[in-house]
file coords.txt (compact mmCIF, C-alpha atoms)
# COMPACT_ATOMS: atom_id res chain seq x y z
CA MET A 1 36.55 226.32 144.20
CA ARG A 2 37.44 224.76 147.51
CA PRO A 3 41.10 224.43 148.48
CA ALA A 4 42.67 220.99 148.60
CA ARG A 5 42.44 219.46 152.07
CA GLU A 6 45.65 219.12 154.05
CA SER A 7 46.80 215.56 154.51
CA THR A 8 49.11 213.64 156.82
CA GLN A 9 52.68 214.78 156.31
CA TYR A 10 55.40 212.22 155.77
CA LEU A 11 59.08 213.14 155.87
CA ASP A 12 59.99 210.27 153.58
CA PRO A 13 56.85 209.12 151.75
CA PRO A 14 57.13 206.12 149.43
CA VAL A 15 55.53 207.99 146.53
CA ILE A 16 57.76 208.09 143.44
CA GLU A 17 55.24 209.17 140.81
CA THR A 18 51.91 210.93 140.67
CA VAL A 19 49.46 211.24 137.80
CA LEU A 20 46.74 213.85 137.35
CA GLY A 21 44.99 213.12 134.08
CA VAL A 22 41.98 213.98 131.98
CA GLU A 23 40.58 211.78 129.22
CA PHE A 24 38.13 213.24 126.72
CA ASP A 25 36.48 212.50 123.37
CA PRO A 26 39.24 212.49 120.73
CA LEU A 27 39.89 215.89 119.20
CA GLU A 28 39.40 214.83 115.58
CA ASP A 29 40.97 217.95 114.08
CA LEU A 30 44.06 217.90 116.25
CA ARG A 31 47.19 217.35 114.14
CA LEU A 32 50.84 216.81 115.01
CA LEU A 33 51.47 220.36 113.86
CA HIS A 34 49.12 221.65 116.56
CA LEU A 35 51.05 219.81 119.25
CA GLY A 36 54.22 221.41 117.91
CA LEU A 37 52.55 224.82 118.20
CA PHE A 38 51.45 223.99 121.72
CA TRP A 39 55.00 222.95 122.60
CA ALA A 40 56.22 226.37 121.44
CA LYS A 41 53.94 227.90 124.10
CA ILE A 42 55.26 225.75 126.95
CA ARG A 43 58.82 225.23 125.77
CA ASP A 44 60.25 227.57 128.40
CA GLN A 45 58.95 225.18 131.07
CA TYR A 46 59.21 221.93 129.08
CA PRO A 47 62.28 222.21 126.86
CA ASP A 48 62.50 218.52 125.92
CA TYR A 49 60.07 216.22 124.19
CA GLU A 50 59.70 212.60 123.09
CA THR A 51 57.13 211.00 120.85
CA LYS A 52 55.52 207.78 122.05
CA PRO A 53 52.86 205.47 120.66
CA GLU A 54 49.39 206.74 121.48
CA ALA A 55 47.91 205.10 124.59
CA ALA A 56 44.71 203.13 124.02
CA PRO A 57 41.55 204.63 125.50
CA VAL A 58 40.42 203.37 128.89
CA VAL A 59 36.69 202.79 128.50
CA ASP A 60 34.89 202.45 131.82
CA HIS A 61 31.13 202.78 132.18
CA TYR A 62 31.35 202.56 135.99
CA GLY A 63 28.75 199.86 136.25
CA ALA A 64 26.26 201.49 133.88
CA LYS A 65 25.08 199.62 130.82
CA PRO A 66 27.37 200.47 127.92
CA PRO A 67 25.69 202.31 125.06
CA SER A 68 24.46 199.85 122.45
CA THR A 69 26.43 199.58 119.26
CA SER A 70 25.09 198.68 115.87
CA ASP A 71 26.40 195.78 113.81
CA GLU A 72 27.49 198.25 111.20
CA VAL A 73 31.21 198.07 110.48
CA LYS A 74 32.84 201.47 110.77
CA VAL A 75 36.09 202.30 109.06
CA GLN A 76 37.91 205.38 110.27
CA VAL A 77 40.35 207.08 107.94
CA ILE A 78 43.09 208.75 109.92
CA ALA A 79 44.85 211.60 108.13
CA GLU A 80 48.18 211.00 109.84
CA PRO A 81 49.66 208.67 112.42
CA ARG A 82 48.66 209.46 115.98
CA PHE A 83 51.26 209.88 118.64
CA LYS A 84 51.49 210.81 122.22
CA PHE A 85 53.87 213.64 123.07
CA TRP A 86 55.90 213.71 126.23
CA PHE A 87 56.91 217.26 127.12
CA LYS A 88 59.58 217.09 129.80
CA ASN A 89 61.05 219.73 132.03
CA LYS A 90 64.54 219.66 133.52
CA HIS A 91 63.30 218.29 136.80
CA GLU A 92 60.53 215.83 137.58
CA GLY A 93 57.68 217.23 135.50
CA LEU A 94 56.17 215.51 132.51
CA LEU A 95 53.15 216.46 130.40
CA GLN A 96 51.63 213.74 128.22
CA VAL A 97 49.37 214.99 125.46
CA GLN A 98 47.50 213.02 122.80
CA ALA A 99 44.23 213.41 120.91
CA ASP A 100 42.13 212.23 123.86
CA ARG A 101 44.40 212.72 126.87
CA PHE A 102 46.12 215.38 128.95
CA ILE A 103 48.22 214.00 131.79
CA LYS A 104 50.51 215.70 134.26
CA ASN A 105 53.10 213.45 135.90
CA TRP A 106 55.52 214.13 138.68
CA ARG A 107 58.30 211.55 138.80
CA LYS A 108 60.95 211.20 141.46
CA MET A 109 64.09 211.21 139.34
CA THR A 110 66.75 211.30 142.07
CA ALA A 111 66.86 209.61 145.46
CA GLY A 112 66.85 212.88 147.40
CA ALA A 113 64.05 214.59 145.47
CA ALA A 114 61.19 215.66 147.75
CA TYR A 115 57.57 214.96 146.84
CA PRO A 116 56.16 218.42 146.05
CA LYS A 117 52.75 217.69 147.67
CA TYR A 118 49.34 217.72 146.06
CA PRO A 119 48.45 221.43 146.37
CA GLN A 120 51.48 222.36 144.27
CA LEU A 121 50.86 219.61 141.71
CA ARG A 122 47.19 220.61 141.50
CA GLU A 123 48.10 224.24 140.93
CA GLU A 124 50.55 223.29 138.19
CA PHE A 125 48.01 220.97 136.58
CA ALA A 126 45.31 223.63 136.69
CA GLY A 127 47.58 226.17 135.04
CA GLU A 128 48.80 223.84 132.30
CA TRP A 129 45.38 222.37 131.60
CA GLY A 130 43.94 225.89 131.39
CA ARG A 131 46.69 226.83 128.95
CA TYR A 132 45.95 223.76 126.81
CA ARG A 133 42.21 224.48 126.75
CA ALA A 134 42.88 228.06 125.74
CA PHE A 135 45.15 226.78 122.97
CA LEU A 136 42.46 224.38 121.73
CA GLN A 137 39.93 227.19 121.73
CA GLU A 138 42.30 229.53 119.94
CA HIS A 139 42.71 227.00 117.14
CA GLY A 140 39.08 225.92 116.99
CA LEU A 141 39.91 222.37 118.12
CA GLY A 142 37.32 222.01 120.88
CA PRO A 143 35.01 221.59 122.57
CA VAL A 144 36.53 219.27 125.15
CA ARG A 145 34.04 216.64 126.29
CA VAL A 146 35.57 214.99 129.35
CA ARG A 147 34.99 211.25 129.74
CA GLN A 148 36.89 210.68 132.94
CA CYS A 149 39.68 211.89 135.18
CA GLU A 150 42.41 210.05 137.02
CA VAL A 151 44.55 210.50 140.09
CA THR A 152 47.28 207.91 140.63
CA TYR A 153 49.95 207.54 143.28
CA VAL A 154 52.80 205.13 142.53
CA ASN A 155 54.59 204.06 145.69
CA GLN A 156 57.80 202.08 145.83
CA ILE A 157 59.42 200.58 148.87
CA VAL A 158 62.97 199.44 148.22
CA ALA A 159 64.22 196.23 149.81
CA GLY A 160 65.96 197.05 153.06
CA ALA A 161 63.61 199.93 153.90
CA GLY A 162 61.19 198.15 156.21
CA TRP A 163 61.33 194.78 154.47
CA GLN A 164 63.99 192.20 153.71
CA SER A 165 62.01 189.34 152.24
CA LEU A 166 58.47 189.21 150.92
CA SER A 167 57.40 187.56 154.16
CA ASP A 168 57.85 191.05 155.65
CA ILE A 169 55.31 192.64 153.32
CA ASN A 170 52.67 192.36 156.05
CA LYS A 171 54.75 194.88 158.02
CA LEU A 172 53.99 197.43 155.31
CA LEU A 173 50.65 196.57 153.77
CA ARG A 174 47.52 195.01 155.20
CA LEU A 175 47.42 192.02 152.92
CA PRO A 176 45.40 188.81 152.96
CA ALA A 177 46.37 185.98 155.27
CA MET A 178 47.70 184.02 152.31
CA ILE A 179 51.00 185.91 152.63
CA GLY A 180 51.84 184.23 155.92
CA ALA A 181 49.96 180.97 155.45
CA GLU A 182 51.62 178.23 157.52
CA SER A 183 51.06 175.61 154.86
CA LEU A 184 53.04 177.63 152.33
CA PRO A 185 56.69 178.60 152.08
CA PRO A 186 57.51 182.32 152.04
CA PRO A 187 56.35 183.99 148.83
CA ALA A 188 58.98 184.20 146.11
CA SER A 189 57.18 186.94 144.24
CA LEU A 190 53.73 188.48 144.00
CA ALA A 191 51.57 190.64 141.78
CA PHE A 192 47.89 191.35 142.12
CA GLN A 193 45.30 193.97 141.36
CA ILE A 194 42.00 194.72 143.04
CA SER A 195 39.36 196.97 141.50
CA TYR A 196 36.61 198.62 143.56
CA LEU A 197 33.61 200.17 141.84
CA ASP A 198 31.44 202.92 143.31
CA ALA A 199 28.70 203.03 140.67
CA ASP A 200 26.77 205.79 142.49
CA LYS A 201 29.73 208.13 142.21
CA ALA A 202 30.82 206.81 138.79
CA ARG A 203 34.19 206.16 140.35
CA ARG A 204 36.62 203.26 140.47
CA VAL A 205 39.61 202.63 142.73
CA VAL A 206 42.30 200.23 141.58
CA LEU A 207 44.99 198.90 143.89
CA ASP A 208 47.95 197.32 142.20
CA VAL A 209 50.65 195.57 144.24
CA LYS A 210 53.69 193.89 142.81
CA HIS A 211 57.14 192.70 143.70
CA ALA A 212 59.48 193.95 141.01
CA TYR A 213 62.83 195.31 140.00
CA ARG A 214 63.20 198.96 139.05
CA LYS A 215 64.60 199.26 135.55
CA SER A 216 66.73 202.32 136.19
CA ASP A 217 68.92 200.79 138.92
CA LEU A 218 67.59 197.21 139.32
CA ALA A 219 66.61 197.94 142.92
CA GLU A 220 64.24 195.31 144.28
CA VAL A 221 60.98 196.99 145.26
CA ILE A 222 57.45 196.43 146.40
CA GLN A 223 55.39 198.77 144.26
CA PHE A 224 51.84 199.61 145.09
CA ASN A 225 49.74 201.97 143.04
CA ILE A 226 46.53 203.62 144.12
CA THR A 227 44.49 204.80 141.15
CA VAL A 228 41.19 206.65 141.40
CA ARG A 229 39.36 207.07 138.12
CA GLY A 230 35.93 208.50 137.47
CA ARG A 231 33.61 210.87 135.72
CA PRO A 232 33.38 214.49 136.90
CA LYS A 233 29.97 216.22 136.94
CA SER A 234 30.80 218.18 133.82
CA SER A 235 33.66 219.17 131.55
CA GLU A 236 34.03 222.49 133.36
CA ASP A 237 37.38 223.11 135.02
CA ARG A 238 35.84 223.61 138.46
CA ASP A 239 34.24 220.14 138.27
CA ILE A 240 37.44 218.53 136.98
CA LEU A 241 39.54 220.05 139.75
CA GLY A 242 36.86 219.37 142.35
CA TRP A 243 36.78 215.75 141.24
CA MET A 244 40.55 215.55 141.57
CA ASP A 245 40.47 217.00 145.08
CA ASP A 246 37.93 214.35 146.10
CA ALA A 247 39.95 211.62 144.38
CA ARG A 248 43.10 212.72 146.13
CA ASP A 249 41.34 212.73 149.52
CA LEU A 250 40.05 209.24 148.79
CA ALA A 251 43.53 208.06 147.73
CA ASN A 252 44.89 209.39 151.03
CA GLU A 253 42.24 207.50 152.98
CA VAL A 254 42.97 204.34 151.01
CA PHE A 255 46.69 204.77 151.67
CA LYS A 256 45.99 204.95 155.41
CA ASP A 257 43.67 201.96 155.24
CA VAL A 258 45.97 199.63 153.31
CA THR A 259 49.28 200.49 154.97
CA THR A 260 50.25 199.53 158.50
CA ASP A 261 50.76 201.96 161.39
CA GLU A 262 54.31 200.68 161.58
CA ALA A 263 55.04 201.58 157.96
CA ARG A 264 53.44 205.00 158.20
CA ARG A 265 55.54 205.73 161.31
CA MET A 266 58.61 204.87 159.28
CA TRP A 267 57.59 207.17 156.41
CA ALA A 268 56.67 209.91 158.86
CA GLY A 269 60.25 209.92 160.07
CA GLY A 270 60.16 207.35 162.85
CA THR A 271 61.59 203.88 162.72
CA VAL A 272 60.00 200.51 162.09
CA MET B 1 92.47 179.72 116.81
CA ASN B 2 92.10 177.36 113.84
CA ALA B 3 88.39 177.67 113.37
CA THR B 4 85.93 177.39 110.54
CA VAL B 5 83.12 179.87 110.44
CA MET B 6 79.83 178.06 110.41
CA THR B 7 76.55 179.42 109.16
CA VAL B 8 73.90 180.27 111.70
CA ASP B 9 70.58 181.93 111.14
CA ILE B 10 71.57 185.35 112.44
CA ASP B 11 71.60 188.64 110.61
CA TYR B 12 74.73 190.57 111.60
CA ARG B 13 73.29 193.94 110.62
CA GLU B 14 74.21 197.03 112.54
CA CYS B 15 72.37 197.16 115.82
CA GLN B 16 71.08 200.36 117.34
CA PRO B 17 69.62 199.96 120.79
CA ASP B 18 65.99 201.07 120.83
CA ASP B 19 64.77 203.64 123.36
CA PRO B 20 67.50 202.69 125.83
CA VAL B 21 66.66 205.07 128.65
CA SER B 22 63.81 203.73 130.73
CA PRO B 23 61.66 206.01 132.83
CA LYS B 24 62.99 206.10 136.37
CA THR B 25 59.87 204.57 137.78
CA GLU B 26 59.37 201.67 135.40
CA VAL B 27 59.62 198.22 136.98
CA LEU B 28 59.89 194.61 135.92
CA SER B 29 57.64 192.13 137.64
CA VAL B 30 59.14 188.70 138.18
CA VAL B 31 55.90 186.80 138.65
CA ASP B 32 55.31 184.29 135.83
CA ARG B 33 58.95 184.47 134.78
CA PRO B 34 61.42 181.61 134.80
CA PRO B 35 63.42 181.53 138.08
CA GLN B 36 66.57 182.38 136.09
CA PHE B 37 65.08 185.76 135.25
CA GLU B 38 65.33 187.05 138.80
CA THR B 39 68.73 185.37 139.30
CA LEU B 40 70.09 187.14 136.22
CA LEU B 41 68.58 190.49 137.25
CA ARG B 42 70.21 190.23 140.66
CA ARG B 43 73.55 189.34 139.09
CA LEU B 44 73.28 192.22 136.62
CA ARG B 45 72.53 194.52 139.55
CA GLU B 46 75.68 193.32 141.35
CA VAL B 47 77.72 194.05 138.24
CA SER B 48 76.04 197.45 137.80
CA GLN B 49 76.99 198.39 141.35
CA MET B 50 80.70 197.80 140.80
CA ALA B 51 82.50 201.10 141.27
CA PRO B 52 84.68 202.72 138.64
CA GLY B 53 88.14 201.15 138.74
CA TRP B 54 86.71 197.75 139.69
CA ASP B 55 89.24 196.13 137.35
CA GLY B 56 92.17 197.56 139.27
CA ASP B 57 92.68 199.92 136.37
CA ARG B 58 90.50 202.76 135.10
CA SER B 59 87.38 201.01 133.87
CA PRO B 60 84.20 203.04 134.32
CA ALA B 61 81.14 201.49 135.93
CA LEU B 62 78.55 199.74 133.77
CA THR B 63 76.80 202.35 131.63
CA ALA B 64 73.05 203.04 131.80
CA LEU B 65 72.76 202.01 128.14
CA ALA B 66 74.45 198.68 128.86
CA ILE B 67 72.17 198.10 131.87
CA ALA B 68 69.06 198.80 129.77
CA ALA B 69 70.28 196.50 127.00
CA GLY B 70 71.25 193.89 129.61
CA ILE B 71 67.72 193.91 131.01
CA ARG B 72 66.28 193.38 127.54
CA ALA B 73 68.76 190.55 126.93
CA ILE B 74 67.81 188.88 130.21
CA GLU B 75 64.21 188.68 129.03
CA VAL B 76 65.50 186.23 126.41
CA LEU B 77 68.46 184.67 128.21
CA ALA B 78 66.18 183.54 131.04
CA GLU B 79 64.85 180.95 128.57
CA MET B 80 68.22 179.18 128.38
CA PRO B 81 68.49 175.76 130.01
CA VAL B 82 71.37 177.00 132.17
CA VAL B 83 71.89 180.30 133.96
CA PRO B 84 74.53 182.22 132.03
CA HIS B 85 77.52 183.59 133.90
CA VAL B 86 77.39 187.40 134.13
CA ALA B 87 80.59 189.43 134.27
CA PRO B 88 81.60 193.05 133.81
CA VAL B 89 83.70 194.04 130.82
CA PRO B 90 86.29 196.81 131.15
CA GLY B 91 85.03 199.98 129.50
CA GLY B 92 81.49 199.85 130.92
CA GLY B 93 80.01 196.76 129.29
CA VAL B 94 78.74 193.41 130.51
CA GLN B 95 79.06 189.86 129.26
CA PHE B 96 76.84 186.79 129.53
CA GLU B 97 78.32 183.40 128.79
CA ALA B 98 77.07 179.83 128.93
CA GLU B 99 78.35 176.42 127.97
CA ILE B 100 75.96 173.63 127.16
CA GLY B 101 77.44 170.36 126.01
CA GLN B 102 79.51 171.08 122.95
CA LYS B 103 78.14 174.58 122.56
CA TYR B 104 79.53 177.83 123.88
CA PHE B 105 77.54 181.08 123.89
CA GLU B 106 78.91 184.50 124.68
CA LEU B 107 77.02 187.77 124.50
CA GLU B 108 78.88 191.00 125.09
CA ILE B 109 76.93 194.19 125.60
CA LEU B 110 79.00 197.21 124.76
CA PRO B 111 78.83 200.47 126.75
CA SER B 112 76.65 201.86 123.92
CA GLY B 113 74.12 199.05 124.43
CA ALA B 114 75.02 197.36 121.13
CA MET B 115 75.55 193.61 121.27
CA LEU B 116 78.25 191.25 120.03
CA VAL B 117 77.69 187.51 119.97
CA LEU B 118 80.04 184.57 119.74
CA LEU B 119 78.73 181.06 119.14
CA GLU B 120 81.08 178.13 119.14
CA ARG B 121 80.61 174.41 118.60
CA GLY B 122 83.39 171.91 118.15
CA GLY B 123 85.91 174.52 117.08
CA GLU B 124 83.53 176.20 114.66
CA VAL B 125 82.91 179.82 115.52
CA ALA B 126 80.39 182.43 114.43
CA GLN B 127 80.69 185.92 115.78
CA GLY B 128 79.67 189.49 115.08
CA LYS B 129 77.22 192.21 115.93
CA LEU B 130 73.76 191.05 116.86
CA ALA B 131 70.50 192.92 116.52
CA ALA B 132 68.34 192.64 119.63
CA VAL B 133 65.55 191.08 117.59
CA ASP B 134 67.88 188.22 116.64
CA LEU B 135 68.88 187.31 120.18
CA PRO B 136 66.06 184.74 120.48
CA ALA B 137 67.45 182.93 117.41
CA ALA B 138 70.90 182.77 119.01
CA VAL B 139 69.43 181.43 122.25
CA GLU B 140 67.39 178.90 120.29
CA TRP B 141 70.58 177.70 118.62
CA VAL B 142 72.03 177.05 122.08
CA ARG B 143 68.86 175.29 123.25
CA THR B 144 68.49 172.93 120.35
CA ALA B 145 70.63 169.91 119.59

call {"tool": "encode", "arguments": {"input": "coords.txt", "output": "structure tokens"}}
result
Amino acid sequence: MRPARESTQYLDPPVIETVLGVEFDPLEDLRLLHLGLFWAKIRDQYPDYETKPEAAPVVDHYGAKPPSTSDEVKVQVIAEPRFKFWFKNKHEGLLQVQADRFIKNWRKMTAGAAYPKYPQLREEFAGEWGRYRAFLQEHGLGPVRVRQCEVTYVNQIVAGAGWQSLSDINKLLRLPAMIGAESLPPPASLAFQISYLDADKARRVVLDVKHAYRKSDLAEVIQFNITVRGRPKSSEDRDILGWMDDARDLANEVFKDVTTDEARRMWAGGTV
Amino acid sequence: MNATVMTVDIDYRECQPDDPVSPKTEVLSVVDRPPQFETLLRRLREVSQMAPGWDGDRSPALTALAIAAGIRAIEVLAEMPVVPHVAPVPGGGVQFEAEIGQKYFELEILPSGAMLVLLERGGEVAQGKLAAVDLPAAVEWVRTA
């Protein structure tokens, strides 16, 4: 397994959340009780939990023709309601587990919290994912057939940190000319998403940019997410982690490509 | 006040705020929202930034539960024909009030996130606890003749 590549270091990066996730065929025999048993195994690290509605599957065929479906109507009887569990630690860690998903989040919960860097997050993910797979095997709940993996970086830039009005957004992100169009007044708000498909690599990159207000403190922010989603070569751990390393490298390249030199100097510790 | 209580289509059942603590990273986009939405968010932010003792006494700052409930209320209040006035309430709450013609609307969000409403028209008053799901009905009462 190759080590994760070092990336540009920023003293004050805009990242406020990261996601390392695996989506797989639903584990039909997994019950709420099992997730309680799993929690008992990780409770020393994740002492709190919340139940949430189960997230809908993200079905992406990465440009391939979707498998044909018959006209037959299928009715699925579900033995019990399905939930997603959030297992939370005392700091910034969050594990999201549901019948078809295992997601490790890092969330910046306080202004001074430092981004722990990918190698640490990868190591934590690998350990926790390995523990979950062992648990599934122990209880005869597998095998795990991985559909896709995801690496997401959520970046937030608070008003006043390099931008005052949305006209300044071009100082941070390389955006289309429509932001500064002379025939238009300054933008009052914005939200857009661009999806890029690499069918050969069964991989998709989604850029999501929006002007918004953060719910926790109503700070006005420009949020831009970089999501890389795709299918690893196999369901083996080495392929999952290898895929994530590649996705993270790609996300780093995208970050460099879509942000300005000026903004990156600011995040690296310089000034705008 | 010599007032008659009028009947309005609001259920004054006990209100428990639902899932009041938002994840730290969750955001509200203002695209496709009425302009009042952003105005109210900014005003709520100003109120939320008032330091403890803002009232010259010992009032705490606006609570996180009241902020979360205030955000949910703004989703509905932004549909009003006027921008409600936003003011802090001693104890850690926040109040929205608006006057339209003969009608007066006041929504107080308690530090717990629970809501109290007061509707008044021509001396007739209806007031009490308000479930979040019934806020649109109260706003509709203000909007309609």

call {"tool": "atom_distance", "arguments": {"input": "coords.txt", "atom1": "CA of Arg174 (chain A)", "atom2": "CA of Val258 (chain A)"}}
result
5.2 Å

call {"tool": "residues_around", "arguments": {"input": "coords.txt", "residues": "region 107-120 of chain B", "least_positions_apart": "5", "cutoff": "9 Å", "atoms": "all atoms listed in the file", "output": "number ranges by chain"}}
result
B: 6, 8, 14-17, 20, 62-70, 89, 91-97, 102, 125-132, 135, 138, 141-142

call {"tool": "residues_around", "arguments": {"input": "coords.txt", "residues": "Tyr118 (chain A)", "least_positions_apart": "4", "cutoff": "12 Å", "atoms": "only C-alpha atoms", "output": "ChimeraX atom specification"}}
result
/A:3-9,15,17-20,105-106,122-126,151-153,241,244-249,251-252

call {"tool": "interface_residues", "arguments": {"input": "coords.txt", "of": "chain B", "to": "chain A", "cutoff": "12 Å", "atoms": "only C-alpha atoms", "output": "PyMOL selection string"}}
result
chain B and resi 19-35+37-49+62-72

call {"tool": "atom_distance", "arguments": {"input": "coords.txt", "atom1": "CA of Met80 (chain B)", "atom2": "CA of Asp134 (chain B)"}}
result
14.8 Å

call {"tool": "atom_distance", "arguments": {"input": "coords.txt", "atom1": "CA of Val76 (chain B)", "atom2": "CA of Pro136 (chain B)"}}
result
6.1 Å

call {"tool": "residues_around", "arguments": {"input": "coords.txt", "residues": "Leu32 (chain A)", "least_positions_apart": "3", "cutoff": "8 Å", "atoms": "all atoms listed in the file", "output": "MDAnalysis selection string"}}
result
chainID A and resid 35:36 82:83

call {"tool": "closest_residue", "arguments": {"input": "coords.txt", "among": "A:Asp29, A:Phe135, A:Ala263, A:Trp163", "to": "Glu80 (chain A)", "atoms": "all atoms listed in the file"}}
result
A:Asp29

call {"tool": "residues_near_point", "arguments": {"input": "coords.txt", "point": "(54.5, 224.3, 131.0)", "cutoff": "9 Å", "atoms": "all atoms listed in the file", "output": "MDAnalysis selection string"}}
result
chainID A and resid 39 41:46 87:89 93 95 124 127:128 131
